[in-house]
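J.: Got a structure for you, start_35.csv, holding CSV, C-alpha atoms.
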```csv
chain,number,residue,atom,x,y,z
A,610,MET,CA,0.0,0.0,0.0
A,611,THR,CA,1.5,3.3,-1.1
A,612,SER,CA,1.8,6.1,1.5
A,613,LEU,CA,-0.7,8.2,-0.6
A,614,PHE,CA,-3.2,5.4,-0.7
A,615,ARG,CA,-2.8,4.8,3.1
A,616,PHE,CA,-3.4,8.5,3.7
A,617,VAL,CA,-6.6,8.5,1.6
A,618,VAL,CA,-7.9,5.4,3.5
A,619,VAL,CA,-7.2,7.0,6.9
A,620,MET,CA,-8.9,10.3,5.9
A,621,ILE,CA,-11.9,8.5,4.6
A,622,ALA,CA,-12.2,6.5,7.8
A,623,PHE,CA,-11.9,9.8,9.8
A,624,PHE,CA,-14.6,11.6,7.9
A,625,VAL,CA,-16.9,8.6,7.9
A,626,THR,CA,-16.6,7.9,11.7
A,627,GLN,CA,-16.3,11.5,12.9
A,628,PRO,CA,-20.0,12.4,12.5
A,629,LEU,CA,-20.9,9.1,14.2
A,630,PHE,CA,-18.6,9.9,17.1
A,631,ALA,CA,-19.9,13.4,17.4
A,632,ALA,CA,-23.5,12.2,17.3
A,633,GLU,CA,-22.8,10.0,20.4
A,634,ASN,CA,-21.7,13.0,22.5
A,635,VAL,CA,-25.3,13.8,23.4
A,636,VAL,CA,-27.8,13.2,26.1
A,637,ASN,CA,-31.5,12.7,25.3
A,638,VAL,CA,-33.8,14.2,28.0
A,639,TYR,CA,-37.6,14.0,28.2
A,640,THR,CA,-39.2,16.2,30.9
A,641,TRP,CA,-42.3,18.1,31.9
A,642,SER,CA,-42.9,21.2,29.8
A,643,GLU,CA,-40.7,24.2,30.7
A,644,GLU,CA,-39.1,22.3,33.7
A,645,ILE,CA,-35.5,22.9,32.6
A,646,PRO,CA,-34.7,26.5,31.4
A,647,HIS,CA,-32.8,26.8,28.2
A,648,PHE,CA,-30.0,28.8,29.9
A,649,VAL,CA,-29.3,25.8,32.2
A,650,ILE,CA,-29.0,23.5,29.2
A,651,ALA,CA,-26.8,26.0,27.4
A,652,GLN,CA,-24.5,26.2,30.4
A,653,PHE,CA,-24.2,22.4,30.6
A,654,GLU,CA,-23.4,22.2,26.9
A,655,LYS,CA,-20.7,24.9,27.2
A,656,GLU,CA,-19.1,23.2,30.2
A,657,THR,CA,-19.1,19.7,28.9
A,658,GLY,CA,-19.4,19.8,25.1
A,659,ILE,CA,-22.3,17.4,25.4
A,660,LYS,CA,-25.3,18.2,23.3
A,661,VAL,CA,-28.7,18.0,25.1
A,662,ASN,CA,-31.6,16.9,23.0
A,663,TYR,CA,-34.5,18.2,25.0
A,664,SER,CA,-38.1,17.0,24.5
A,665,THR,CA,-41.1,17.7,26.7
A,666,PHE,CA,-44.5,16.1,27.7
A,667,ASP,CA,-47.7,17.5,29.3
A,668,SER,CA,-48.8,14.5,31.3
A,669,ASN,CA,-47.4,11.3,32.9
A,670,GLU,CA,-49.9,9.3,30.8
A,671,ILE,CA,-48.5,10.7,27.5
A,672,MET,CA,-45.0,10.1,28.5
A,673,TYR,CA,-45.7,6.5,29.7
A,674,ALA,CA,-47.7,5.6,26.6
A,675,LYS,CA,-44.9,6.8,24.3
A,676,LEU,CA,-42.2,4.9,26.1
A,677,ARG,CA,-44.4,1.7,26.3
A,678,ALA,CA,-45.2,2.0,22.6
A,679,ASN,CA,-41.5,2.4,21.6
A,680,LYS,CA,-39.2,0.6,24.0
A,681,ASN,CA,-36.2,1.9,22.1
A,682,ALA,CA,-37.3,5.6,22.0
A,683,GLY,CA,-33.7,6.7,22.6
A,684,TYR,CA,-34.2,8.7,25.7
A,685,ASP,CA,-31.6,8.7,28.5
A,686,LEU,CA,-33.3,10.7,31.3
A,687,VAL,CA,-37.0,10.9,31.8
A,688,GLU,CA,-38.9,12.9,34.5
A,689,PRO,CA,-42.0,11.0,35.8
A,690,SER,CA,-44.0,12.0,38.9
A,691,SER,CA,-43.7,9.9,41.9
A,692,TYR,CA,-46.3,7.3,41.3
A,693,PHE,CA,-45.1,6.8,37.7
A,694,VAL,CA,-41.6,6.0,39.0
A,695,GLU,CA,-43.2,3.0,40.7
A,696,ARG,CA,-45.3,2.1,37.7
A,697,MET,CA,-42.3,2.2,35.4
A,698,GLN,CA,-40.2,0.2,37.7
A,699,HIS,CA,-42.9,-2.5,37.9
A,700,GLN,CA,-42.6,-2.7,34.1
A,701,HIS,CA,-38.8,-3.1,34.4
A,702,MET,CA,-38.2,0.1,32.5
A,703,LEU,CA,-35.7,1.7,34.8
A,704,LEU,CA,-31.9,1.4,35.4
A,705,THR,CA,-30.6,1.1,39.0
A,706,LEU,CA,-28.7,4.3,39.6
A,707,ASP,CA,-25.0,4.2,40.3
A,708,LYS,CA,-24.8,6.7,43.2
A,709,THR,CA,-21.0,6.9,42.9
A,710,LYS,CA,-21.5,8.9,39.7
A,711,LEU,CA,-23.9,11.3,41.4
A,712,LEU,CA,-21.8,13.1,44.0
A,713,ASN,CA,-24.2,16.0,44.2
A,714,ALA,CA,-27.0,13.7,45.5
A,715,LYS,CA,-25.7,14.8,49.0
A,716,ASN,CA,-27.5,18.1,48.4
A,717,LEU,CA,-31.0,16.6,48.3
A,718,ASP,CA,-33.5,17.2,51.0
A,719,PRO,CA,-33.9,14.1,53.2
A,720,ALA,CA,-37.7,14.8,53.3
A,721,PHE,CA,-38.0,13.7,49.7
A,722,LEU,CA,-35.8,10.6,49.9
A,723,ASN,CA,-36.7,7.0,50.6
A,724,ARG,CA,-40.4,7.6,50.0
A,725,ALA,CA,-42.8,4.7,49.4
A,726,TYR,CA,-42.7,5.0,45.6
A,727,ASP,CA,-38.9,4.3,45.6
A,728,PRO,CA,-37.9,3.3,49.2
A,729,ARG,CA,-34.1,3.4,48.7
A,730,ASN,CA,-34.0,5.8,45.8
A,731,GLU,CA,-32.5,3.1,43.7
A,732,TYR,CA,-34.2,4.4,40.5
A,733,SER,CA,-35.1,8.1,41.0
A,734,ILE,CA,-33.7,11.5,42.0
A,735,PRO,CA,-36.3,14.0,43.3
A,736,PHE,CA,-36.1,17.3,41.5
A,737,ILE,CA,-39.2,19.5,41.8
A,738,TRP,CA,-42.1,19.1,44.1
A,739,GLY,CA,-45.4,20.7,45.0
A,740,ILE,CA,-48.9,20.5,46.6
A,741,THR,CA,-52.3,20.1,45.0
A,742,GLY,CA,-54.7,22.3,47.0
A,743,ILE,CA,-57.4,24.9,46.9
A,744,PHE,CA,-57.1,28.3,45.3
A,745,LEU,CA,-59.4,31.2,46.0
A,746,ASN,CA,-59.7,34.8,45.0
A,747,LYS,CA,-60.2,37.0,48.1
A,748,ASN,CA,-62.3,39.4,46.1
A,749,TYR,CA,-65.0,36.7,46.1
A,750,TYR,CA,-64.3,34.3,49.0
A,751,ASN,CA,-62.3,34.0,52.2
A,752,GLU,CA,-60.3,31.1,53.5
A,753,GLN,CA,-63.1,29.9,55.7
A,754,ASP,CA,-65.2,29.4,52.6
A,755,ALA,CA,-62.9,26.8,51.3
A,756,GLU,CA,-60.7,25.4,54.1
A,757,GLN,CA,-61.5,21.8,53.2
A,758,TRP,CA,-62.2,19.9,50.0
A,759,LYS,CA,-65.7,19.1,51.2
A,760,ASN,CA,-66.6,22.8,51.4
A,761,LEU,CA,-66.6,22.8,47.6
A,762,LEU,CA,-69.8,20.7,47.7
A,763,ASP,CA,-71.7,23.8,48.8
A,764,LYS,CA,-74.3,24.9,46.3
A,765,LYS,CA,-73.0,28.5,46.4
A,766,TYR,CA,-70.2,27.3,44.2
A,767,ALA,CA,-72.6,26.3,41.3
A,768,ASN,CA,-70.7,26.5,38.0
A,769,GLN,CA,-67.8,28.3,39.8
A,770,LEU,CA,-65.1,25.7,40.3
A,771,MET,CA,-62.0,24.9,38.3
A,772,PHE,CA,-60.4,21.5,38.7
A,773,LEU,CA,-57.2,20.2,37.2
A,774,ASP,CA,-57.8,18.1,34.1
A,775,ASP,CA,-56.2,15.0,35.7
A,776,SER,CA,-58.0,11.9,37.0
A,777,ARG,CA,-55.6,11.1,39.8
A,778,GLU,CA,-55.7,14.7,41.1
A,779,VAL,CA,-59.5,14.9,41.1
A,780,PHE,CA,-60.1,11.5,42.6
A,781,SER,CA,-57.5,12.1,45.3
A,782,MET,CA,-59.6,15.1,46.4
A,783,ALA,CA,-62.8,12.9,46.5
A,784,LEU,CA,-61.0,10.2,48.4
A,785,ARG,CA,-59.9,12.7,51.0
A,786,MET,CA,-63.4,14.0,51.3
A,787,LEU,CA,-64.4,10.4,52.3
A,788,GLY,CA,-61.5,10.0,54.7
A,789,TYR,CA,-59.6,7.6,52.5
A,790,SER,CA,-56.0,7.7,51.4
A,791,ILE,CA,-55.2,9.4,48.0
A,792,ASN,CA,-53.5,6.1,47.2
A,793,ASP,CA,-56.6,3.9,48.0
A,794,SER,CA,-57.0,1.1,45.5
A,795,ASN,CA,-60.1,-0.5,46.9
A,796,PRO,CA,-62.7,-0.7,44.1
A,797,GLU,CA,-65.6,0.1,46.4
A,798,HIS,CA,-63.9,3.2,47.8
A,799,ILE,CA,-63.1,4.4,44.2
A,800,HIS,CA,-66.7,3.9,43.3
A,801,GLN,CA,-67.7,6.0,46.4
A,802,ALA,CA,-65.3,8.7,45.3
A,803,TYR,CA,-66.9,8.6,41.8
A,804,LEU,CA,-70.4,9.1,43.3
A,805,LYS,CA,-69.1,12.0,45.5
A,806,LEU,CA,-67.7,13.6,42.4
A,807,LYS,CA,-71.0,13.2,40.6
A,808,THR,CA,-72.7,15.3,43.3
A,809,LEU,CA,-70.0,17.9,42.8
A,810,MET,CA,-70.2,18.2,39.0
A,811,PRO,CA,-73.0,20.9,39.0
A,812,ASN,CA,-70.4,23.2,40.8
A,813,VAL,CA,-67.7,22.6,38.1
A,814,LYS,CA,-67.1,25.3,35.6
A,815,LEU,CA,-64.1,23.8,33.8
A,816,PHE,CA,-61.3,21.3,33.9
A,817,ASN,CA,-57.9,22.7,32.9
A,818,SER,CA,-54.2,21.9,33.5
A,819,GLU,CA,-52.4,23.9,30.9
A,820,ALA,CA,-53.7,27.5,31.2
A,821,ILE,CA,-54.1,27.7,34.9
A,822,ILE,CA,-52.0,30.8,35.5
A,823,SER,CA,-53.8,32.9,33.0
A,824,ILE,CA,-57.2,31.7,34.2
A,825,LEU,CA,-56.3,32.7,37.8
A,826,ILE,CA,-54.9,36.1,36.8
A,827,ASP,CA,-57.9,36.9,34.6
A,828,GLU,CA,-60.3,35.6,37.2
A,829,ASP,CA,-62.0,33.3,34.7
A,830,ALA,CA,-62.3,31.1,37.7
A,831,THR,CA,-62.2,32.3,41.3
A,832,VAL,CA,-62.1,29.1,43.4
A,833,GLY,CA,-61.1,25.5,42.8
A,834,MET,CA,-58.1,23.2,42.6
A,835,ALA,CA,-54.5,24.3,41.6
A,836,TRP,CA,-50.9,23.5,42.1
A,837,ASN,CA,-49.2,25.8,44.6
A,838,GLY,CA,-46.4,26.8,42.2
A,839,ASP,CA,-48.9,28.0,39.6
A,840,LEU,CA,-50.8,29.9,42.3
A,841,TYR,CA,-47.5,31.5,43.4
A,842,LYS,CA,-46.8,32.6,39.8
A,843,ALA,CA,-50.3,34.0,39.3
A,844,HIS,CA,-50.1,35.8,42.6
A,845,GLN,CA,-47.3,38.0,41.1
A,846,GLU,CA,-49.9,39.5,38.8
A,847,ASN,CA,-53.0,39.2,40.9
A,848,ASN,CA,-52.4,39.6,44.7
A,849,LYS,CA,-56.0,38.7,45.6
A,850,LEU,CA,-55.1,35.0,45.0
A,851,GLN,CA,-54.6,32.7,47.9
A,852,PHE,CA,-53.5,29.1,48.2
A,853,VAL,CA,-55.2,27.0,50.9
A,854,TYR,CA,-53.9,23.6,52.2
A,855,PRO,CA,-57.1,21.6,52.7
A,856,LYS,CA,-57.5,20.5,56.3
A,857,ASP,CA,-59.0,17.2,55.1
A,858,GLY,CA,-55.7,16.3,53.5
A,859,PHE,CA,-53.9,16.9,50.2
A,860,GLU,CA,-51.5,15.4,47.7
A,861,ILE,CA,-47.8,16.0,47.7
A,862,TRP,CA,-46.3,15.3,44.2
A,863,VAL,CA,-42.7,15.0,43.2
A,864,ASP,CA,-41.2,15.1,39.8
A,865,ASN,CA,-38.2,12.8,39.7
A,866,PHE,CA,-35.4,12.0,37.2
A,867,VAL,CA,-35.0,8.4,36.2
A,868,MET,CA,-32.7,6.7,33.7
A,869,LEU,CA,-34.1,4.2,31.3
A,870,LYS,CA,-32.6,0.7,31.0
A,871,THR,CA,-32.4,1.3,27.3
A,872,ALA,CA,-30.5,4.7,27.7
A,873,PRO,CA,-28.1,4.9,24.8
A,874,HIS,CA,-25.8,7.5,26.6
A,875,PRO,CA,-25.8,6.6,30.3
A,876,GLU,CA,-22.5,8.2,31.1
A,877,ASN,CA,-23.6,11.5,29.7
A,878,ALA,CA,-26.9,11.1,31.5
A,879,TYR,CA,-25.1,10.8,34.8
A,880,LYS,CA,-23.1,14.0,34.1
A,881,PHE,CA,-26.3,15.9,33.3
A,882,LEU,CA,-28.1,14.6,36.3
A,883,ASP,CA,-25.2,15.5,38.6
A,884,PHE,CA,-25.0,18.9,37.0
A,885,LEU,CA,-28.7,19.5,37.8
A,886,MET,CA,-28.1,18.7,41.5
A,887,ARG,CA,-25.5,21.4,41.9
A,888,PRO,CA,-27.0,23.9,44.4
A,889,GLU,CA,-26.6,26.9,42.2
A,890,ILE,CA,-28.1,25.1,39.2
A,891,ALA,CA,-31.1,23.7,41.2
A,892,LYS,CA,-31.6,27.2,42.7
A,893,ALA,CA,-31.6,28.7,39.2
A,894,VAL,CA,-34.2,26.2,38.0
A,895,SER,CA,-36.5,26.8,41.0
A,896,MET,CA,-36.3,30.6,40.6
A,897,ASN,CA,-37.1,30.3,36.9
A,898,ILE,CA,-40.1,28.0,37.0
A,899,HIS,CA,-41.3,29.2,40.5
A,900,TYR,CA,-41.7,25.7,41.9
A,901,SER,CA,-40.2,24.2,45.0
A,902,THR,CA,-36.9,22.5,44.8
A,903,ALA,CA,-36.2,19.1,46.4
A,904,ASN,CA,-32.5,20.2,46.7
A,905,LEU,CA,-31.9,21.4,50.3
A,906,ALA,CA,-28.6,23.1,49.5
A,907,ALA,CA,-30.3,25.0,46.7
A,908,ARG,CA,-33.2,26.0,48.9
A,909,ASN,CA,-30.8,27.5,51.4
A,910,LEU,CA,-29.5,29.7,48.6
A,911,LEU,CA,-32.9,31.1,47.8
A,912,PRO,CA,-33.9,34.7,48.8
A,913,PRO,CA,-35.7,34.7,52.2
A,914,GLU,CA,-39.0,35.9,50.6
A,915,ILE,CA,-39.1,32.7,48.6
A,916,LYS,CA,-37.6,30.0,50.9
A,917,ASN,CA,-39.8,31.3,53.7
A,918,ASN,CA,-43.0,31.7,51.6
A,919,PRO,CA,-45.6,29.3,53.0
A,920,ALA,CA,-47.2,28.9,49.5
A,921,LEU,CA,-44.1,27.3,48.3
A,922,TYR,CA,-42.5,25.9,51.4
A,923,PRO,CA,-45.1,25.0,54.0
A,924,THR,CA,-44.2,24.1,57.6
A,925,GLN,CA,-43.7,20.5,58.7
A,926,ALA,CA,-47.0,20.8,60.6
A,927,THR,CA,-48.8,21.7,57.4
A,928,LEU,CA,-47.0,19.0,55.4
A,929,SER,CA,-48.1,16.4,58.0
A,930,HIS,CA,-51.6,16.6,56.5
A,931,GLY,CA,-50.3,15.6,53.0
A,932,GLU,CA,-49.6,12.3,51.3
A,933,PHE,CA,-47.1,11.4,48.7
A,934,GLN,CA,-48.5,9.8,45.6
A,935,THR,CA,-47.8,6.1,45.0
A,936,ASP,CA,-48.9,3.7,42.3
A,937,VAL,CA,-52.3,2.2,42.8
A,938,GLY,CA,-51.9,-0.7,40.4
A,939,ASP,CA,-53.4,-1.4,37.0
A,940,GLN,CA,-56.9,-2.4,38.2
A,941,ALA,CA,-57.4,0.8,40.2
A,942,HIS,CA,-55.9,2.9,37.3
A,943,VAL,CA,-58.4,1.4,34.9
A,944,LEU,CA,-61.2,2.2,37.3
A,945,PHE,CA,-60.1,5.8,37.7
A,946,GLU,CA,-60.0,6.3,33.9
A,947,LYS,CA,-63.4,4.6,33.4
A,948,TYR,CA,-65.1,6.8,36.0
A,949,TRP,CA,-63.2,9.9,34.8
A,950,GLU,CA,-64.6,9.5,31.3
A,951,GLN,CA,-68.1,9.0,32.7
A,952,LEU,CA,-67.8,12.1,34.8
A,953,LYS,CA,-66.7,14.3,31.9
A,954,MET,CA,-69.4,12.9,29.7
A,955,GLY,CA,-72.0,13.7,32.3
A,956,GLY,CA,-72.6,10.0,33.3
```
Any chance you could give the structure as C-alpha cells?
T.:
Amino acid sequence: MTSLFRFVVVMIAFFVTQPLFAAENVVNVYTWSEEIPHFVIAQFEKETGIKVNYSTFDSNEIMYAKLRANKNAGYDLVEPSSYFVERMQHQHMLLTLDKTKLLNAKNLDPAFLNRAYDPRNEYSIPFIWGITGIFLNKNYYNEQDAEQWKNLLDKKYANQLMFLDDSREVFSMALRMLGYSINDSNPEHIHQAYLKLKTLMPNVKLFNSEAIISILIDEDATVGMAWNGDLYKAHQENNKLQFVYPKDGFEIWVDNFVMLKTAPHPENAYKFLDFLMRPEIAKAVSMNIHYSTANLAARNLLPPEIKNNPALYPTQATLSHGEFQTDVGDQAHVLFEKYWEQLKMGG
C-alpha cells in the first residue's frame, strides 16, 4: 500500500466515523414542559461539550404511553412524577442508579428521599415538588369558605369551580373527602369517590391543567383546585389570589429523574443529572419556574422571601396533612380512567 493510498484510507475513515462519534456526544432528555430552562441546558453544553436533545410532555400518561409503545425511543433521562416512577419500575423500564456517579446527591432534601414509591431511591432522584390544594380569589371568597375539600360541595359554588384536568388529582380530592388515602385502590372506595364527584359536578365550571396561571390572573375562575407553584406565579400578577392547604388532606407530588434501562448514553446522563443537582443550578431552575426544589442546599441559597414563603415551602406541621402519591396498580388505574370518562361525559 503506497503512502498516498494509506493517507486516503485514513482520511476516509476519519470523515466517515467522525459524525458518528460526534453524534454520540449527546444526552436525550424527556421532561415536563418548561421544567428545565434553556440557559441551564446551554451552560451544561458549554461546560461539557455534550449536546442536550430536549423533549417535553404535558402528562405522565402521554410520557408513559410513548415509552411503552417504543421501548427503544432513545431517551436517557425521563422525569416522571412519583407514582409513575413506581409504575415504570414495575414494568422493568428503569436502570438502577450508580450513586458513585452522582456526588451531588448529597445536596438533596432528606424529606424527599426514601419515599414509598422508591424506598431506597434506587431508581429516582427527586427534583421539583409541589402541593395540590385549593385556590381562591379573596375578592370573592375568604379562606373559611374553602378550608376543606368538602366545602366545595356547597351549592353556592354552582358553576364556579375549576379543577385540574387529571383523573388522579381529582379522585385524590374525592378520596380525602371520604376520609380515604389518596392512594386507596379499593374498588368500592373508588366507586364511592366517583359518586361523590357526581354530586360535585354541578359546581364545576371547567377542567384545565395547561392555562391555569392565565385563568387565575384573569379571574375566569375564582375558586377551585390548583398546584401551589402555579398559584405563586399567578399571585405575582393578581395579589388577591390565595393558596389553601385543605384541612381534610392533600396530595404531595414530586417530579423525579430516572434513567431508562435502554438509555443509549448513560455516562452523559449521569453527568447531566449530577449537574442539575449542583446547588446553584437547582436554585436557578427553581427561581425560573417558580416551583419548590427538592434540593436542600439549593433552597438554602434562595432569597428569604421565597424560601420562607408558605405557599411554596409550608411548615412541617402543614405537610403532615399531606400524602405522597404512589402507584395504585393497574386495576385501580383502569377504574379511575373509566369513571373519569363517565364524569366528563355527564354520566
J.: Compile the contact shell of Trp836 in chain A as a PyMOL selection string: residues with an atom at most 8 Å away, counting only C-alpha atoms, same-chain residues fewer than 4 positions apart removed.
T.: chain A and resi 739-742+840
J.: Determine the nearest neighbour of Asp857 in chain A from the options A:Leu686, A:Ala651, A:Ile791, A:Leu952, counting all atoms listed in the file.
T.: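 Of A:Leu686, A:Ala651, A:Ile791, A:Leu952, the one nearest Asp857 in chain A is A:Ile791, counting all atoms listed in the file.
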J.: When you draw a straight line from CA of Thr657 in chain A to CA of His874 in chain A, how long is it in Å?
T.: 14.1 Å
J.: Considering all atoms listed in the file, can you say which of A:Ala878, A:Met954, A:Leu717, A:Ala941 comes closest to Phe736 in chain A?
T.: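 Looking at the shortest contact to Phe736 in chain A, the residue is A:Leu717.
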J.: Mind listing as a short mmCIF file (atom, residue, chain, number, x, y, z; two decimals) with C-alpha atoms, keeping the file's coordinate frame all residues within 6 Å of (-31.7, 15.4, 37.0), counting only C-alpha atoms?
T.:
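Saved as result-v1.cif:
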```cif
data_model
loop_
_atom_site.label_atom_id
_atom_site.label_comp_id
_atom_site.auth_asym_id
_atom_site.auth_seq_id
_atom_site.Cartn_x
_atom_site.Cartn_y
_atom_site.Cartn_z
CA PHE A 866 -35.40 12.00 37.20
CA LEU A 882 -28.10 14.60 36.30
CA LEU A 885 -28.70 19.50 37.80
#
```
J.: Report as an MDAnalysis selection string all protein, DNA and RNA residues lying within 9 Å of Tyr750 in chain A, evaluated on all atoms listed in the file, omitting residues in the same chain fewer than 5 positions from it.
T.: chainID A and resid 745 755 831:832
J.: Okay, now the selection with C-alpha atoms, as a PDB file, in the coordinates of the input?
T.:
```pdb
ATOM      1  CA  LEU A 745     -59.400  31.200  46.000  1.00  0.00           C
ATOM      2  CA  ALA A 755     -62.900  26.800  51.300  1.00  0.00           C
ATOM      3  CA  THR A 831     -62.200  32.300  41.300  1.00  0.00           C
ATOM      4  CA  VAL A 832     -62.100  29.100  43.400  1.00  0.00           C
TER       5      VAL A 832
END
```
J.: When you look at range 914-918 of chain A with a cut-off of 12 Å (counting all atoms listed in the file), what residues show up, excluding the ones that are within fewer than 5 positions of it in the same chain? I need them as a list in words.
T.: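 Final neighbour list, sorted by chain and number: Asn837, Gly838, Tyr841, Lys842, Phe852, Lys892, Ser895, Met896, His899, Tyr900, Ser901, Thr902, Ala903, Asn904, Leu905, Ala906, Ala907, Arg908, Asn909, Pro923 and Thr924 of chain A.
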J.: Neighbouring residues of Ile650 in chain A were defined as those with any atom within 10 Å, considering only C-alpha atoms; residues of the same chain fewer than 4 positions away were excluded. Please report them as a list in words.
T.: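 The filter keeps Ile645, Pro646, Glu654, Lys655, Glu656, Ile659, Lys660, Val661, Asn662, Tyr663, Phe881, Phe884 and Leu885 of chain A.
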J.: Can you work out which one of A:Asn746, A:Gln652, A:Asn637, A:Thr705 has the shortest atom-to-atom distance to Ile824 in chain A, counting only C-alpha atoms?
T.: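 Counting only C-alpha atoms, the residue closest to Ile824 in chain A is A:Asn746.
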J.: What's the 12 Å shell around Lys953 in chain A, counting only C-alpha atoms, without same-chain residues fewer than 2 positions away, as a count of residues only?
T.: 23
J.: Would you mind reading off the distance between CA of Glu644 in chain A and CA of Glu731 in chain A, one decimal, in Å?
T.: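 Spanning CA of Glu644 in chain A to CA of Glu731 in chain A is a straight-line distance of 22.6 Å.
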J.: Name the closest residue to Asn877 in chain A among the candidates A:Glu778, A:Leu711, A:Trp641, A:Met702; distances are taken between atoms, counting all atoms listed in the file.
T.: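 Selected residue with least distance to Asn877 in chain A: A:Leu711.
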J.: Which residue is closest to Asp939 in chain A? Choose from A:Ile671, A:Pro796, A:Trp738, A:Asn634 and count all atoms listed in the file.
T.: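 Ranked by minimum distance to Asp939 in chain A, first place goes to A:Pro796.
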J.: So what do you get for CA of Asp667 in chain A versus CA of Pro919 in chain A, distance-wise?
T.: 26.6 Å
J.: Could you get me a file of range 782-804 of chain A with N, CA and C atoms, as a PDB file, in the first residue's frame, taken from the block above?
T.:
```pdb
ATOM      1  N   MET A 782     -58.808  14.163  45.614  1.00  0.00           N
ATOM      2  CA  MET A 782     -59.645  15.094  46.367  1.00  0.00           C
ATOM      3  C   MET A 782     -60.882  14.381  46.920  1.00  0.00           C
ATOM      4  N   ALA A 783     -61.563  13.618  46.072  1.00  0.00           N
ATOM      5  CA  ALA A 783     -62.787  12.929  46.499  1.00  0.00           C
ATOM      6  C   ALA A 783     -62.487  11.875  47.565  1.00  0.00           C
ATOM      7  N   LEU A 784     -61.376  11.171  47.416  1.00  0.00           N
ATOM      8  CA  LEU A 784     -60.999  10.165  48.415  1.00  0.00           C
ATOM      9  C   LEU A 784     -60.734  10.816  49.767  1.00  0.00           C
ATOM     10  N   ARG A 785     -60.096  11.992  49.754  1.00  0.00           N
ATOM     11  CA  ARG A 785     -59.852  12.690  51.015  1.00  0.00           C
ATOM     12  C   ARG A 785     -61.160  13.181  51.639  1.00  0.00           C
ATOM     13  N   MET A 786     -62.110  13.607  50.811  1.00  0.00           N
ATOM     14  CA  MET A 786     -63.424  14.000  51.340  1.00  0.00           C
ATOM     15  C   MET A 786     -64.067  12.848  52.121  1.00  0.00           C
ATOM     16  N   LEU A 787     -63.815  11.635  51.649  1.00  0.00           N
ATOM     17  CA  LEU A 787     -64.412  10.444  52.266  1.00  0.00           C
ATOM     18  C   LEU A 787     -63.564   9.888  53.412  1.00  0.00           C
ATOM     19  N   GLY A 788     -62.404  10.489  53.636  1.00  0.00           N
ATOM     20  CA  GLY A 788     -61.532  10.015  54.708  1.00  0.00           C
ATOM     21  C   GLY A 788     -60.596   8.906  54.298  1.00  0.00           C
ATOM     22  N   TYR A 789     -60.491   8.637  52.989  1.00  0.00           N
ATOM     23  CA  TYR A 789     -59.600   7.591  52.497  1.00  0.00           C
ATOM     24  C   TYR A 789     -58.270   8.188  52.043  1.00  0.00           C
ATOM     25  N   SER A 790     -57.282   7.322  51.919  1.00  0.00           N
ATOM     26  CA  SER A 790     -55.982   7.738  51.395  1.00  0.00           C
ATOM     27  C   SER A 790     -56.096   8.110  49.917  1.00  0.00           C
ATOM     28  N   ILE A 791     -55.262   9.049  49.471  1.00  0.00           N
ATOM     29  CA  ILE A 791     -55.237   9.385  48.049  1.00  0.00           C
ATOM     30  C   ILE A 791     -54.726   8.206  47.218  1.00  0.00           C
ATOM     31  N   ASN A 792     -54.081   7.235  47.880  1.00  0.00           N
ATOM     32  CA  ASN A 792     -53.533   6.070  47.187  1.00  0.00           C
ATOM     33  C   ASN A 792     -54.398   4.824  47.374  1.00  0.00           C
ATOM     34  N   ASP A 793     -55.633   5.028  47.801  1.00  0.00           N
ATOM     35  CA  ASP A 793     -56.557   3.908  48.018  1.00  0.00           C
ATOM     36  C   ASP A 793     -56.847   3.212  46.684  1.00  0.00           C
ATOM     37  N   SER A 794     -56.737   1.895  46.676  1.00  0.00           N
ATOM     38  CA  SER A 794     -57.006   1.127  45.460  1.00  0.00           C
ATOM     39  C   SER A 794     -58.219   0.209  45.600  1.00  0.00           C
ATOM     40  N   ASN A 795     -58.951   0.346  46.707  1.00  0.00           N
ATOM     41  CA  ASN A 795     -60.149  -0.467  46.936  1.00  0.00           C
ATOM     42  C   ASN A 795     -61.230  -0.072  45.936  1.00  0.00           C
ATOM     43  N   PRO A 796     -61.702  -1.007  45.082  1.00  0.00           N
ATOM     44  CA  PRO A 796     -62.701  -0.664  44.063  1.00  0.00           C
ATOM     45  C   PRO A 796     -63.958  -0.018  44.632  1.00  0.00           C
ATOM     46  N   GLU A 797     -64.404  -0.465  45.804  1.00  0.00           N
ATOM     47  CA  GLU A 797     -65.605   0.119  46.409  1.00  0.00           C
ATOM     48  C   GLU A 797     -65.351   1.567  46.826  1.00  0.00           C
ATOM     49  N   HIS A 798     -64.190   1.834  47.367  1.00  0.00           N
ATOM     50  CA  HIS A 798     -63.855   3.201  47.774  1.00  0.00           C
ATOM     51  C   HIS A 798     -63.734   4.110  46.552  1.00  0.00           C
ATOM     52  N   ILE A 799     -63.174   3.581  45.475  1.00  0.00           N
ATOM     53  CA  ILE A 799     -63.063   4.367  44.245  1.00  0.00           C
ATOM     54  C   ILE A 799     -64.449   4.670  43.690  1.00  0.00           C
ATOM     55  N   HIS A 800     -65.349   3.694  43.791  1.00  0.00           N
ATOM     56  CA  HIS A 800     -66.724   3.923  43.334  1.00  0.00           C
ATOM     57  C   HIS A 800     -67.410   4.984  44.188  1.00  0.00           C
ATOM     58  N   GLN A 801     -67.179   4.934  45.508  1.00  0.00           N
ATOM     59  CA  GLN A 801     -67.736   5.959  46.387  1.00  0.00           C
ATOM     60  C   GLN A 801     -67.204   7.343  46.014  1.00  0.00           C
ATOM     61  N   ALA A 802     -65.915   7.407  45.669  1.00  0.00           N
ATOM     62  CA  ALA A 802     -65.319   8.685  45.256  1.00  0.00           C
ATOM     63  C   ALA A 802     -65.973   9.193  43.973  1.00  0.00           C
ATOM     64  N   TYR A 803     -66.246   8.266  43.057  1.00  0.00           N
ATOM     65  CA  TYR A 803     -66.932   8.630  41.811  1.00  0.00           C
ATOM     66  C   TYR A 803     -68.314   9.221  42.109  1.00  0.00           C
ATOM     67  N   LEU A 804     -69.060   8.587  42.996  1.00  0.00           N
ATOM     68  CA  LEU A 804     -70.393   9.090  43.346  1.00  0.00           C
ATOM     69  C   LEU A 804     -70.299  10.461  44.015  1.00  0.00           C
TER      70      LEU A 804
END
```
